[in-house]
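Remarks on the structure that follows.
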Amino acid sequence: MDRRKMLALLGLSPVLAAVSPTFARTAAAFPEDAPGASSCDSGNGAVSVLNPAITTKFAERVPLAPRLSTLDGKTIYLVDTDWGGMQQNNGILEEIQKWFAQNMPAVKTVIKIKAGNFVTDDPGLWKEIAQNHGDGVIIGVAG
Amino acid sequence: MSRESGEIEQKYHIPTVSLAGSNVVSFGLGANFKYNTGMPLRFVGVPFPFSGQPRSVLASYVQGKDTVSGQPFMQAIIDGLTKPLTADEKLSGSAPDAPSAEPRMLPADTQDNLQRIFRDRGWTDYNPVILPTPERVAAILKGTSHAPDEVVKSAAGTFGSRRPFTVEKVATIAVMAGARPEYLPVILALASRVPYEDSTTSIAQMVVVNGPIRKKMGMNSGMGSLGPDNEANSVIGRSMTLIHKVIQGYVEGVTGFASLSNPLRYDNLCFAENEEALPEGWQPLHVQSGHKPTDSVVTIFTGWNFINSTGWVEQHYAPQFLMRDYMSSLSGMGATLIMDPSVAELLSAAQGFNSKAALGQWLSQNVQKTAQSYWGNSIVSSMLAPLARQGLKPYADWLDISGDSLIKPFANPNGIHAVVTGGKTASVWFATDFMPDRGTSIDEWT
C-alpha cells in the first residue's frame, strides 16, 4: 500500500500530513478542508494556491516643464520645505545661494521657507513664485 | 517634496530641481515616480546625513558631488534647470512599461517550492506561511458577508499609490497568517486602513481590539495579553505585518527606508482591552473615540517607544509619579499608557483618577522636560518648529526661551490615552508614545 492510500484510510489528507504542526492546527479550523478537498494534484504532489500579489498601477505620466536655455538674468527660488525642522535646510540653501553669487552673479536667487511644515502644501507660495516671474525652483531637502 | 515639485512644474510650468538626501533619493527617482507622481522629476542627491551637520560640512556638500549623477553638485543643479527635456520626460498619459496584471492563481507547484516562492517574493515575515489553497480561502471567506471580489481599497500603496485589492486578497493573506474565519472581519478592518505609516525612523503600529468580538474570537485581554500566548492576538498581529508587505507593497529600500525599523513590527502589539476590568468611570478605548460599547472596533496606533515600568507599583510612590517621570523621555506628541487592571484600580480608588481623561489631564500638567530636549527630538522639530515659528501657541513660546527652561510637553491632555489590559498578577504598565486613530468598525466587515 502506498503512502497516499494509507493516509487516506487514516482519514488524513496527504497535503496536511506533509506539513508543519502549525499547518495542521490551522487546517483543523477549516472543516471544509477535509481529505479530498485539498488542491493537491494526484499526479505529482503539486498544490494550487491563490496568488496574494497585488497589481500596482503605474501613475499616469506627466511631462516636465520646459527647461531654461540659460540661467543668466533669471530668478531662481530656493525653497526650504522645512523638513527636519529648526531650519535644518537653511544652511545648505544659503550655501547654494552663496555659490551662485560667487560663480554666476547674473543669477538672482531668493530663499523662501514653505508655510506649514514639511507634510503640508503651500499653494500660496507657488502662486507667489509664478506671479513674481520666478524662472526656476530649487526645492529641498527631503531626507 | 515630489508633490510640491510636481505642482510647480505642472501647474506653473516652472522647471524645478528637487534636493533629497542620498538615503531616500532613490524613492523619488523610483517608486514615487512610477506609482505616485508620474513625473520623472530631476533630483540632485545630498550626502546623508545633512541634518545637524555644521555649516562647513554643508558647504563641502555644495562644493562636492551630486550623489545621483556623480557630477559636481552645482553643475547637476544647473543641468537640472537647463538641460533640454528627453523624450521620456515629455511623455504624458499611460505609462509605456506598466506592469501586467497579477494572475489570480499561481502555477501549481510543490509545497516546498511554493514556500520558497512566497518567501522570495517578499510575501512572508520569513516564517513559513499557510499556503492559501482555494479551499482554505473559501473557508475563511465564510467569516464575512462581503463578496470575494469586492474592492476593499484602491489607494493602498505608500503615499496612496494605486494597489486595488479585494476581500479575497485579504482572505488569502489571512490564511497565510494562520487565521480562523472568525478573525477575518478584524483583518479586513485592518486592511481597510492601509497604507500604514512608514518612516526612515523606527515607527511602528499597535493594534487594540474592543467590543464583543474580542470574546467571540477568543482574544486575550487578560494574563499575558501582550505576549505570544494567544492565537487570535498573535495571528491578527501577524496578518497586519503581511498586509503591510503584500497589500501595501512595503519593500525596504524601495518603498520604505527605515534605518533600524522596529521589532514591534513583527506582530504590531496586537491585543484586546480588558473592558470588564475597567474601574468605574473609565471608558473603553472605542467608547472614548465615539463608538458604542456594543460596537466592535479595531484601533490602530502609531508610535515609536514602549517603556516598561519594569517592576510593580511601590507603596511610597504612586503610579502616576513614575508614569510622569518616564513620560518625560517621550517626545510630547502624544502618549498611551498600557496598564494592568490592578494599576487602573490603584489610580482610580487610591489616587482619585475617576476617568482616563482625569489621568491624562494630570500628566499633561505634571510631565516636564527642558525646552532644548523637547526641540532636540527631530519629529517634534519637523512637525512643530515650523508652526512655532509661524506663531502657533504654546510652541511659539518654547522657541525663544532658555534651553534649560522646563516646559510641559504634553500640552494637549486629550493626546494622552490609556488602555487597560492584563491579568492582575503584577501592577505593571508601559509608557508609550503611541497615538491612536479614531477606530475602525469591525462590525461592518462581518
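Here, A, B, ... name the chains of the C-alpha cells in the order displayed, residue numbers run from 1 inside each chain, and ligands are numbered from 1 in the same displayed order.
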
- Task: Can you pull out every residue within 7 Å of segment 121-126 of chain A, counting only C-alpha atoms, but drop anything in the same chain fewer than 3 positions away, and send it as a ChimeraX atom specification?
- Result: /A:114-115,129-130 /B:4,8

- Within 8 Å of Val343 of chain B, counting only C-alpha atoms, which residues qualify if same-chain residues fewer than 5 places away don't, as JSON, numbers by chain? {"B": [313, 319, 427, 428, 429]}

Dump as a tab-separated table (two decimals), in the first residue's frame, selection limited to N, CA and C atoms:
chain	number	residue	atom	x	y	z
B	313	VAL	N	4.00	48.53	41.25
B	313	VAL	CA	3.80	49.81	41.92
B	313	VAL	C	4.25	49.72	43.37
B	319	PRO	N	1.54	55.31	41.21
B	319	PRO	CA	1.90	55.03	39.81
B	319	PRO	C	1.99	56.26	38.92
B	427	SER	N	1.29	44.68	39.26
B	427	SER	CA	0.82	46.04	38.96
B	427	SER	C	1.85	46.73	38.07
B	428	VAL	N	1.86	46.32	36.83
B	428	VAL	CA	2.86	46.80	35.87
B	428	VAL	C	2.19	47.58	34.74
B	429	TRP	N	2.99	48.34	34.04
B	429	TRP	CA	2.44	49.19	32.98
B	429	TRP	C	3.55	49.53	31.99

- Query: For chain A, which residues have at least one atom within 7 Å of chain B, if we go by only C-alpha atoms? Write them as JSON, numbers by chain, please.
  - Reply: {"A": [23, 26, 29, 30, 32, 33, 37, 38, 39, 45, 46, 47, 48, 49, 50, 51, 52, 53, 54, 55, 56, 57, 58, 59, 60, 61, 62, 63, 64, 65, 66, 67, 68, 69, 70, 82, 83, 84, 85, 86, 88, 91, 92, 95, 96, 116, 117, 118, 121, 126, 130, 135, 136, 137, 138, 139, 140, 141, 142, 143]}

Those residues with C-alpha atoms, as an mmCIF file, in the first residue's frame please?
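Saved as part_4.cif:
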data_model
loop_
_atom_site.group_PDB
_atom_site.id
_atom_site.type_symbol
_atom_site.label_atom_id
_atom_site.label_comp_id
_atom_site.auth_asym_id
_atom_site.auth_seq_id
_atom_site.Cartn_x
_atom_site.Cartn_y
_atom_site.Cartn_z
ATOM 1 C CA PHE A 23 -0.290 23.953 9.264
ATOM 2 C CA THR A 26 -4.843 25.899 11.192
ATOM 3 C CA ALA A 29 -10.075 25.312 11.733
ATOM 4 C CA PHE A 30 -11.445 24.501 8.306
ATOM 5 C CA GLU A 32 -14.239 22.030 4.626
ATOM 6 C CA ASP A 33 -10.609 21.161 4.199
ATOM 7 C CA ALA A 37 -10.931 18.705 -0.594
ATOM 8 C CA SER A 38 -7.368 19.895 -0.920
ATOM 9 C CA SER A 39 -5.806 21.293 -4.060
ATOM 10 C CA GLY A 45 2.052 16.412 -5.347
ATOM 11 C CA ALA A 46 1.718 19.873 -6.814
ATOM 12 C CA VAL A 47 -0.544 22.291 -4.976
ATOM 13 C CA SER A 48 -2.651 25.072 -6.454
ATOM 14 C CA VAL A 49 -2.757 28.256 -4.424
ATOM 15 C CA LEU A 50 -4.125 31.744 -4.783
ATOM 16 C CA ASN A 51 -1.706 34.493 -5.682
ATOM 17 C CA PRO A 52 -1.557 37.085 -2.898
ATOM 18 C CA ALA A 53 0.223 39.695 -5.032
ATOM 19 C CA ILE A 54 -1.463 42.983 -5.812
ATOM 20 C CA THR A 55 -1.152 44.566 -9.225
ATOM 21 C CA THR A 56 0.313 48.003 -8.777
ATOM 22 C CA LYS A 57 -0.998 50.584 -11.199
ATOM 23 C CA PHE A 58 1.536 52.971 -12.618
ATOM 24 C CA ALA A 59 0.690 56.645 -12.331
ATOM 25 C CA GLU A 60 -0.295 58.481 -15.488
ATOM 26 C CA ARG A 61 2.779 60.106 -16.939
ATOM 27 C CA VAL A 62 3.001 63.881 -16.662
ATOM 28 C CA PRO A 63 5.614 65.790 -18.670
ATOM 29 C CA LEU A 64 8.103 68.087 -17.016
ATOM 30 C CA ALA A 65 8.044 71.814 -17.625
ATOM 31 C CA PRO A 66 10.311 73.041 -20.437
ATOM 32 C CA ARG A 67 13.819 73.867 -19.254
ATOM 33 C CA LEU A 68 15.547 77.232 -19.383
ATOM 34 C CA SER A 69 18.022 77.997 -22.175
ATOM 35 C CA THR A 70 20.262 79.813 -19.722
ATOM 36 C CA ASP A 82 11.157 72.687 6.339
ATOM 37 C CA TRP A 83 11.877 69.009 6.522
ATOM 38 C CA GLY A 84 13.782 68.334 9.702
ATOM 39 C CA GLY A 85 12.514 71.484 11.360
ATOM 40 C CA MET A 86 14.580 74.076 13.207
ATOM 41 C CA GLN A 88 17.725 72.292 9.017
ATOM 42 C CA GLY A 91 22.280 76.138 5.725
ATOM 43 C CA ILE A 92 22.540 74.211 2.502
ATOM 44 C CA GLU A 95 25.448 77.751 0.625
ATOM 45 C CA ILE A 96 23.838 77.255 -2.792
ATOM 46 C CA GLY A 116 3.142 74.959 7.466
ATOM 47 C CA ASN A 117 5.506 72.074 7.944
ATOM 48 C CA PHE A 118 7.067 69.503 5.680
ATOM 49 C CA ASP A 121 1.347 72.050 0.924
ATOM 50 C CA TRP A 126 3.873 78.503 -5.671
ATOM 51 C CA ALA A 130 4.822 82.394 -10.543
ATOM 52 C CA ASP A 135 12.093 81.231 -13.643
ATOM 53 C CA GLY A 136 13.177 78.153 -11.738
ATOM 54 C CA VAL A 137 12.899 76.488 -8.346
ATOM 55 C CA ILE A 138 15.391 74.501 -6.315
ATOM 56 C CA ILE A 139 13.437 72.798 -3.549
ATOM 57 C CA GLY A 140 14.508 70.651 -0.637
ATOM 58 C CA VAL A 141 15.848 68.966 1.216
ATOM 59 C CA ALA A 142 13.925 65.734 1.622
ATOM 60 C CA GLY A 143 15.522 63.288 3.987
#

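Taking only segment 109-181 of chain B, the residues that DSSP calls strand (DSSP E or B) from the backbone come to B:Asp109, B:Val151, B:Val152, B:Lys153, B:Phe165, B:Thr166.
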
Writing out the chosen residues with N, CA and C atoms as a JSON list (two decimals), in the first residue's frame:
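The result, written out as out-v5.json:
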[["chain", "number", "residue", "atom", "x", "y", "z"],
["B", 109, "ASP", "N", 2.52, 23.95, -7.81],
["B", 109, "ASP", "CA", 3.90, 23.57, -7.52],
["B", 109, "ASP", "C", 3.92, 22.80, -6.20],
["B", 151, "VAL", "N", -13.93, 45.31, -3.89],
["B", 151, "VAL", "CA", -12.69, 46.05, -3.71],
["B", 151, "VAL", "C", -12.72, 46.73, -2.34],
["B", 152, "VAL", "N", -11.73, 46.41, -1.53],
["B", 152, "VAL", "CA", -11.65, 47.00, -0.19],
["B", 152, "VAL", "C", -11.13, 48.42, -0.28],
["B", 153, "LYS", "N", -10.09, 48.62, -1.09],
["B", 153, "LYS", "CA", -9.49, 49.95, -1.21],
["B", 153, "LYS", "C", -8.61, 49.97, -2.45],
["B", 165, "PHE", "N", -7.20, 46.25, -4.03],
["B", 165, "PHE", "CA", -7.24, 44.86, -3.54],
["B", 165, "PHE", "C", -8.65, 44.50, -3.09],
["B", 166, "THR", "N", -8.92, 43.23, -3.17],
["B", 166, "THR", "CA", -10.27, 42.72, -2.90],
["B", 166, "THR", "C", -10.34, 42.00, -1.56]]

- Item | DSSP-assigned helix (DSSP H, G or I) members of segment 46-103 of chain A, reported as a count of residues only | 14

- Please identify all polymer residues within 12 Å of Arg265 of chain B, counting only C-alpha atoms, omitting same-chain residues fewer than 2 positions from it, and present them as number ranges by chain. B: 125, 196-198, 202-207, 237-245, 258, 260-263, 267-270, 302-304
